Each structure stands twice: as C-alpha cells, then as structure tokens.
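Trainee: Have a peek at work.cif (mmCIF, C-alpha atoms).
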```cif
data_structure
#
loop_
_atom_site.label_atom_id
_atom_site.label_comp_id
_atom_site.auth_asym_id
_atom_site.auth_seq_id
_atom_site.Cartn_x
_atom_site.Cartn_y
_atom_site.Cartn_z
CA MET X 1 -7.15 21.92 -6.45
CA LYS X 2 -4.45 23.32 -4.18
CA SER X 3 -0.80 22.85 -5.04
CA LEU X 4 2.28 22.38 -2.86
CA THR X 5 5.85 23.21 -3.81
CA ILE X 6 8.65 20.87 -2.81
CA ASN X 7 12.23 22.08 -3.21
CA ALA X 8 14.39 19.16 -4.22
CA SER X 9 17.77 18.11 -5.59
CA GLN X 10 18.06 16.02 -8.72
CA ARG X 11 19.84 12.70 -8.15
CA GLU X 12 22.65 11.54 -10.34
CA SER X 13 23.46 8.33 -8.46
CA VAL X 14 20.54 5.93 -7.98
CA GLY X 15 22.26 2.81 -6.67
CA LYS X 16 21.62 1.15 -3.32
CA LYS X 17 24.60 2.79 -1.62
CA ALA X 18 23.59 6.27 -2.78
CA THR X 19 20.00 5.66 -1.70
CA LYS X 20 21.08 4.45 1.73
CA ALA X 21 23.31 7.50 2.15
CA LEU X 22 20.39 9.80 1.30
CA ARG X 23 18.14 8.16 3.87
CA ASN X 24 20.86 8.36 6.52
CA ALA X 25 21.05 12.09 5.81
CA GLY X 26 17.29 12.52 6.36
CA GLN X 27 16.50 12.71 2.64
CA VAL X 28 13.75 10.80 0.80
CA PRO X 29 14.61 9.34 -2.63
CA CYS X 30 11.85 9.97 -5.17
CA VAL X 31 11.04 9.31 -8.82
CA ILE X 32 8.80 11.15 -11.29
CA TYR X 33 7.26 9.07 -14.09
CA GLY X 34 4.99 10.02 -16.97
CA GLY X 35 7.14 12.55 -18.80
CA ASP X 36 9.63 12.16 -21.64
CA THR X 37 12.25 10.96 -19.15
CA ILE X 38 12.24 9.47 -15.65
CA VAL X 39 13.43 12.02 -13.10
CA HIS X 40 15.17 10.97 -9.88
CA PHE X 41 15.35 13.47 -7.04
CA ALA X 42 15.54 13.74 -3.27
CA ALA X 43 14.18 16.11 -0.64
CA PRO X 44 14.19 16.33 3.18
CA GLU X 45 11.53 14.13 4.79
CA ILE X 46 9.97 17.16 6.50
CA ALA X 47 9.25 18.67 3.06
CA PHE X 48 6.55 16.02 2.53
CA LYS X 49 4.73 16.63 5.82
CA ASN X 50 1.84 18.62 4.33
CA LEU X 51 1.53 16.22 1.42
CA VAL X 52 1.61 12.86 3.19
CA TYR X 53 0.29 13.41 6.72
CA THR X 54 -3.03 14.98 5.79
CA PRO X 55 -6.47 13.77 4.62
CA ASN X 56 -6.41 16.43 1.89
CA VAL X 57 -5.15 15.93 -1.65
CA HIS X 58 -2.85 18.24 -3.58
CA THR X 59 -1.00 18.55 -6.81
CA VAL X 60 2.72 19.10 -6.37
CA VAL X 61 5.30 21.36 -7.98
CA ILE X 62 8.71 19.72 -7.77
CA ALA X 63 11.22 22.59 -7.90
CA LEU X 64 14.60 21.08 -8.74
CA ASP X 65 17.90 22.74 -7.91
CA ASN X 66 18.71 23.08 -11.65
CA GLY X 67 15.76 25.46 -12.10
CA THR X 68 13.35 22.90 -13.55
CA LYS X 69 9.80 22.78 -12.19
CA ILE X 70 7.62 19.72 -12.73
CA ASN X 71 3.89 19.47 -11.97
CA ALA X 72 3.02 16.08 -10.50
CA ILE X 73 0.77 14.06 -8.21
CA LEU X 74 1.73 11.48 -5.61
CA GLN X 75 1.36 7.98 -7.01
CA ASP X 76 2.83 5.65 -4.40
CA ILE X 77 4.66 5.88 -1.10
CA GLN X 78 6.66 3.36 0.92
CA PHE X 79 7.10 3.50 4.69
CA HIS X 80 9.55 1.67 6.94
CA PRO X 81 7.61 -1.25 8.53
CA VAL X 82 8.91 -0.45 12.03
CA THR X 83 9.71 3.27 12.23
CA ASP X 84 7.10 4.52 9.69
CA LYS X 85 9.74 6.76 8.14
CA ILE X 86 9.19 7.54 4.47
CA LEU X 87 11.47 5.30 2.39
CA HIS X 88 10.51 6.21 -1.16
CA ILE X 89 7.88 8.19 -3.10
CA ASP X 90 6.73 7.82 -6.71
CA PHE X 91 5.18 10.76 -8.53
CA ILE X 92 3.38 11.01 -11.88
CA GLU X 93 3.95 14.09 -14.01
CA ILE X 94 0.74 15.89 -14.97
CA PHE X 95 -0.08 18.06 -17.97
CA ASP X 96 -2.76 20.71 -18.54
CA ASP X 97 -4.30 18.80 -21.46
CA LYS X 98 -4.18 15.26 -20.07
CA PRO X 99 -6.71 13.91 -17.52
CA ILE X 100 -5.46 12.32 -14.32
CA THR X 101 -7.00 9.84 -11.91
CA MET X 102 -7.20 10.71 -8.21
CA GLU X 103 -9.12 9.78 -5.08
CA ILE X 104 -10.84 12.92 -3.73
CA PRO X 105 -12.00 13.11 -0.09
CA PHE X 106 -15.78 13.15 0.47
CA ARG X 107 -17.58 15.34 3.03
CA THR X 108 -21.26 15.56 3.95
CA THR X 109 -23.17 18.81 4.33
CA GLY X 110 -26.48 19.48 6.09
CA SER X 111 -28.18 17.69 8.98
CA SER X 112 -29.90 14.45 8.01
CA ARG X 113 -33.56 14.00 9.04
CA GLY X 114 -32.81 10.37 9.71
CA VAL X 115 -29.94 11.20 12.07
CA LEU X 116 -32.12 13.76 13.89
CA ASN X 117 -34.63 10.95 14.41
CA GLY X 118 -32.01 8.71 15.99
CA GLY X 119 -30.53 7.02 12.91
CA VAL X 120 -26.79 6.54 12.38
CA LEU X 121 -24.78 7.86 9.43
CA ARG X 122 -22.61 5.09 7.98
CA PHE X 123 -19.94 5.61 5.30
CA ASN X 124 -19.09 3.12 2.57
CA LEU X 125 -16.67 5.54 0.86
CA ARG X 126 -14.46 8.21 2.39
CA ARG X 127 -12.77 8.98 -0.92
CA ILE X 128 -14.20 8.99 -4.43
CA LYS X 129 -12.09 7.94 -7.39
CA VAL X 130 -12.42 10.42 -10.27
CA LYS X 131 -10.78 11.27 -13.58
CA GLY X 132 -10.39 14.73 -15.07
CA LEU X 133 -8.02 17.57 -15.83
CA ALA X 134 -6.00 18.65 -12.82
CA THR X 135 -7.34 22.21 -13.11
CA ASN X 136 -10.93 20.90 -12.86
CA LEU X 137 -10.52 18.60 -9.87
CA PRO X 138 -11.82 19.88 -6.50
CA ASP X 139 -10.07 19.70 -3.12
CA LEU X 140 -13.03 17.64 -1.87
CA ILE X 141 -16.44 16.39 -3.00
CA GLU X 142 -19.49 17.36 -0.95
CA GLY X 143 -22.86 15.63 -0.68
CA ASP X 144 -25.99 17.10 0.94
CA ILE X 145 -27.65 14.62 3.33
CA THR X 146 -30.35 16.99 4.65
CA ASN X 147 -33.27 15.05 3.15
CA LEU X 148 -31.98 11.55 3.91
CA LYS X 149 -34.37 9.58 6.14
CA ILE X 150 -33.61 6.33 7.94
CA GLY X 151 -32.89 3.73 5.26
CA ASN X 152 -32.02 6.31 2.58
CA LYS X 153 -28.71 6.25 0.72
CA LEU X 154 -26.45 8.74 -1.05
CA THR X 155 -24.89 7.28 -4.21
CA VAL X 156 -22.14 8.55 -6.50
CA THR X 157 -24.74 9.77 -8.99
CA ASP X 158 -25.88 12.28 -6.34
CA VAL X 159 -22.48 14.01 -6.42
CA ALA X 160 -21.80 13.81 -10.17
CA SER X 161 -20.19 16.83 -11.85
CA ASP X 162 -19.48 18.01 -15.39
CA ASN X 163 -15.91 18.81 -14.32
CA PHE X 164 -14.84 15.19 -13.80
CA THR X 165 -15.86 11.57 -14.33
CA ILE X 166 -16.56 9.36 -11.32
CA LEU X 167 -14.93 5.96 -11.75
CA HIS X 168 -17.34 3.99 -9.55
CA PRO X 169 -20.51 2.24 -10.79
CA ASP X 170 -23.59 4.52 -10.65
CA ASN X 171 -25.22 2.51 -7.87
CA THR X 172 -22.17 2.71 -5.56
CA VAL X 173 -23.30 3.87 -2.11
CA ILE X 174 -21.24 6.63 -0.49
CA CYS X 175 -23.16 6.73 2.79
CA MET X 176 -26.54 5.80 4.24
CA ILE X 177 -28.69 6.37 7.31
CA LYS X 178 -29.11 3.15 9.26
CA THR X 179 -31.65 2.56 12.00
CA SER X 180 -30.71 2.17 15.65
CA ARG X 181 -32.36 1.22 18.94
CA THR X 182 -33.03 4.88 19.71
CA ALA X 183 -34.52 5.68 16.30
CA VAL X 184 -38.04 7.13 16.14
CA GLU X 185 -40.49 7.23 13.26
CA ASP X 186 -40.26 10.30 11.05
CA GLU X 187 -43.01 12.80 12.01
CA GLU X 188 -43.79 13.60 8.41
CA GLU X 189 -44.22 9.91 7.63
CA GLU X 190 -46.54 9.57 10.63
CA GLU X 191 -48.70 12.44 9.33
CA GLU X 192 -48.85 10.86 5.87
CA THR X 193 -49.84 7.49 7.39
CA GLU X 194 -52.53 9.09 9.57
CA GLY X 195 -53.88 11.04 6.60
CA ALA X 196 -54.07 7.91 4.48
CA ALA X 197 -55.81 6.02 7.30
CA GLU X 198 -58.41 8.80 7.75
CA GLY X 199 -59.09 8.83 4.01
CA ALA X 200 -59.58 5.08 3.99
CA THR X 201 -61.99 5.31 6.97
CA GLU X 202 -64.09 8.03 5.34
CA GLY X 203 -64.23 6.03 2.13
CA ALA X 204 -65.41 2.98 4.00
CA GLU X 205 -68.15 4.92 5.86
CA ALA X 206 -69.61 6.55 2.76
CA PRO X 207 -71.49 3.49 1.36
CA ALA X 208 -73.01 2.80 4.78
CA ALA X 209 -74.45 6.34 4.90
CA GLU X 210 -76.05 5.92 1.45
CA ALA X 211 -77.69 2.66 2.55
#
```
Let me see the structure of the file written as structure tokens.
Mentor:
Amino acid sequence: MKSLTINASQRESVGKKATKALRNAGQVPCVIYGGDTIVHFAAPEIAFKNLVYTPNVHTVVIALDNGTKINAILQDIQFHPVTDKILHIDFIEIFDDKPITMEIPFRTTGSSRGVLNGGVLRFNLRRIKVKGLATNLPDLIEGDITNLKIGNKLTVTDVASDNFTILHPDNTVICMIKTSRTAVEDEEEEEETEGAAEGATEGAEAPAAEA
C-alpha cells in the first residue's frame, strides 16, 4: 500500500482556545491513538488534500517537527457542516507486527458477457473491509467479471487472498449483472438450449422408427 508523508508540528496546548487559534491559522488539529502515548499535532489543511479528497487509501507517515516519525492510518475525520473545512482528524498508529482494519476500494476487470448482452452492472460494495498487516494490504482489490452472465453475482469469496482476511460474510455480494429492457439472451445459452432440444427430439423419434 502506498504511503503519504505529512509534515506536522506537535501540539502542546490542546484546549478550546488553542484549537480555535489553529483553525483560524489554517491548521488542522489532529490526534494519534494506538501507541504508548496519545500524540497531538497540527498541520496545514492543504497537507491532507491527497489523503482526504481521493477514493484511494494510504498509510501515513506523520513527520513531527521534533524529528519523530509515526506510521499511522486515518481513523476518523470531522468536517464543518457548512463550509466542509476539515475540523479535526483522528489517526491510529500502526506497527509492522500488528494487523490493522481498513476499507479497500474495489475495482472490476474484464468485460462482462452479461453487460455485452444488454445487462447492467450493479454494485453492492464499493469498498471491502479487510484485516491484515499494513505491508500486505493492497491499494485496491480487483475482481474479474468477464464470465458473469445476466443474473450472475461476484461475492467476497471470489476476491479472497492469503494476504488479508475479508471481514464480510462469505455470501456478501460485491456486484451483479441485472437484466434490463434491452437485454438479449446469451448466444451460448441459446446454442445449449437448441442442442438439448434436438437431442430430445431424436430420442423421441427413435422408438417410432423401431416400431
């Protein structure tokens, strides 16, 4: 998984007045949990642009002005209800030997047979919740939909990996091909149906020939 570095200043004062002053100066107050101590810091709002305003997920290196570097992931973020400015961000410190839980974006690959026949691809999940070591987690999870016909589904078991554990039930549907008014019958299915019908006809004619 890709990592971003955010240069920040450790906060000594964490009261309401100090927090308000930081926000007025264009800084975002933040907290890192999960380590031996809780770390308070602040960074310019623009520093979080590539972390917050993107569909991708990243781990983060918080580089403090005292020389300390902390590996973390974004846990929670608060926005102003009117201006949408970032008010506060919580991070969780991560360690090489401890698994973390994240929601990884999902992307399809291939061209579905069902879609080519007029079906519609519908998503139930856009992100998949997984647990694993940070070094083993991918930037995104891909699922091949090439062989999906109309009515077929792709479940989380179809994208399972030894590198992480998926935290959804096995029968959870990620996406499926739904029928539409413009959908046509699959040609291969038509051939199978015709072949079965011909076989049944020949079988029915055979006793009459013997008589």
Trainee: Check what the PyMOL selection byres ((chain X and resi 166) around 7) selects in the file above and give those residues as a list in words.
Mentor: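 Checked against the file, the PyMOL selection byres ((chain X and resi 166) around 7) matches Lys129, Val130, Lys131, Ala160, Phe164, Thr165, Leu167 and His168 of chain X.
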Trainee: Which polymer residues, protein or nucleic acid, are no farther than 9 Å from (-31.5, 16.9, 8.5), counting all atoms listed in the file, as a PyMOL selection string?
Mentor: chain X and resi 110-117+145-149
Trainee: Write the residues of the selection above to a file with C-alpha atoms, as a compact mmCIF listing (two decimals), in the coordinates of the input.
Mentor:
```txt
# COMPACT_ATOMS: atom_id res chain seq x y z
CA GLY X 110 -26.48 19.48 6.09
CA SER X 111 -28.18 17.69 8.98
CA SER X 112 -29.90 14.45 8.01
CA ARG X 113 -33.56 14.00 9.04
CA GLY X 114 -32.81 10.37 9.71
CA VAL X 115 -29.94 11.20 12.07
CA LEU X 116 -32.12 13.76 13.89
CA ASN X 117 -34.63 10.95 14.41
CA ILE X 145 -27.65 14.62 3.33
CA THR X 146 -30.35 16.99 4.65
CA ASN X 147 -33.27 15.05 3.15
CA LEU X 148 -31.98 11.55 3.91
CA LYS X 149 -34.37 9.58 6.14
```
Trainee: Separation of CA of His58 in chain X and CA of Asp76 in chain X, in Å?
Mentor: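 Result for CA of His58 in chain X versus CA of Asp76 in chain X: 13.8 Å, one decimal.
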Trainee: Point out the residue among X:Gly118, X:Gly26, X:Gly67, X:Gly34 with the least atom-to-atom distance to Ala47 in chain X, counting all atoms listed in the file.
Mentor: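 When distances to Ala47 in chain X are compared using all atoms listed in the file, the smallest one comes from X:Gly26.
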Trainee: When the PyMOL selection byres ((chain X and resi 128) around 12) is applied to the structure above, which residues does it catch, written out as a PDB file with C-alpha atoms, in the coordinates of the input?
Mentor:
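What follows is the written file out.pdb:
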```pdb
ATOM      1  CA  VAL X  57      -5.150  15.930  -1.650  1.00  0.00           C
ATOM      2  CA  THR X 101      -7.000   9.840 -11.910  1.00  0.00           C
ATOM      3  CA  MET X 102      -7.200  10.710  -8.210  1.00  0.00           C
ATOM      4  CA  GLU X 103      -9.120   9.780  -5.080  1.00  0.00           C
ATOM      5  CA  ILE X 104     -10.840  12.920  -3.730  1.00  0.00           C
ATOM      6  CA  PRO X 105     -12.000  13.110  -0.090  1.00  0.00           C
ATOM      7  CA  PHE X 106     -15.780  13.150   0.470  1.00  0.00           C
ATOM      8  CA  ARG X 107     -17.580  15.340   3.030  1.00  0.00           C
ATOM      9  CA  PHE X 123     -19.940   5.610   5.300  1.00  0.00           C
ATOM     10  CA  ASN X 124     -19.090   3.120   2.570  1.00  0.00           C
ATOM     11  CA  LEU X 125     -16.670   5.540   0.860  1.00  0.00           C
ATOM     12  CA  ARG X 126     -14.460   8.210   2.390  1.00  0.00           C
ATOM     13  CA  ARG X 127     -12.770   8.980  -0.920  1.00  0.00           C
ATOM     14  CA  LYS X 129     -12.090   7.940  -7.390  1.00  0.00           C
ATOM     15  CA  VAL X 130     -12.420  10.420 -10.270  1.00  0.00           C
ATOM     16  CA  LYS X 131     -10.780  11.270 -13.580  1.00  0.00           C
ATOM     17  CA  LEU X 137     -10.520  18.600  -9.870  1.00  0.00           C
ATOM     18  CA  PRO X 138     -11.820  19.880  -6.500  1.00  0.00           C
ATOM     19  CA  ASP X 139     -10.070  19.700  -3.120  1.00  0.00           C
ATOM     20  CA  LEU X 140     -13.030  17.640  -1.870  1.00  0.00           C
ATOM     21  CA  ILE X 141     -16.440  16.390  -3.000  1.00  0.00           C
ATOM     22  CA  GLU X 142     -19.490  17.360  -0.950  1.00  0.00           C
ATOM     23  CA  GLY X 143     -22.860  15.630  -0.680  1.00  0.00           C
ATOM     24  CA  THR X 155     -24.890   7.280  -4.210  1.00  0.00           C
ATOM     25  CA  VAL X 156     -22.140   8.550  -6.500  1.00  0.00           C
ATOM     26  CA  THR X 157     -24.740   9.770  -8.990  1.00  0.00           C
ATOM     27  CA  VAL X 159     -22.480  14.010  -6.420  1.00  0.00           C
ATOM     28  CA  ALA X 160     -21.800  13.810 -10.170  1.00  0.00           C
ATOM     29  CA  PHE X 164     -14.840  15.190 -13.800  1.00  0.00           C
ATOM     30  CA  THR X 165     -15.860  11.570 -14.330  1.00  0.00           C
ATOM     31  CA  ILE X 166     -16.560   9.360 -11.320  1.00  0.00           C
ATOM     32  CA  LEU X 167     -14.930   5.960 -11.750  1.00  0.00           C
ATOM     33  CA  HIS X 168     -17.340   3.990  -9.550  1.00  0.00           C
ATOM     34  CA  PRO X 169     -20.510   2.240 -10.790  1.00  0.00           C
ATOM     35  CA  THR X 172     -22.170   2.710  -5.560  1.00  0.00           C
ATOM     36  CA  VAL X 173     -23.300   3.870  -2.110  1.00  0.00           C
ATOM     37  CA  ILE X 174     -21.240   6.630  -0.490  1.00  0.00           C
ATOM     38  CA  CYS X 175     -23.160   6.730   2.790  1.00  0.00           C
TER      39      CYS X 175
END
```
Trainee: One decimal, Å: what's the distance from CA of Lys16 in chain X over to CA of Ala72 in chain X, could you say?
Mentor: 24.9 Å
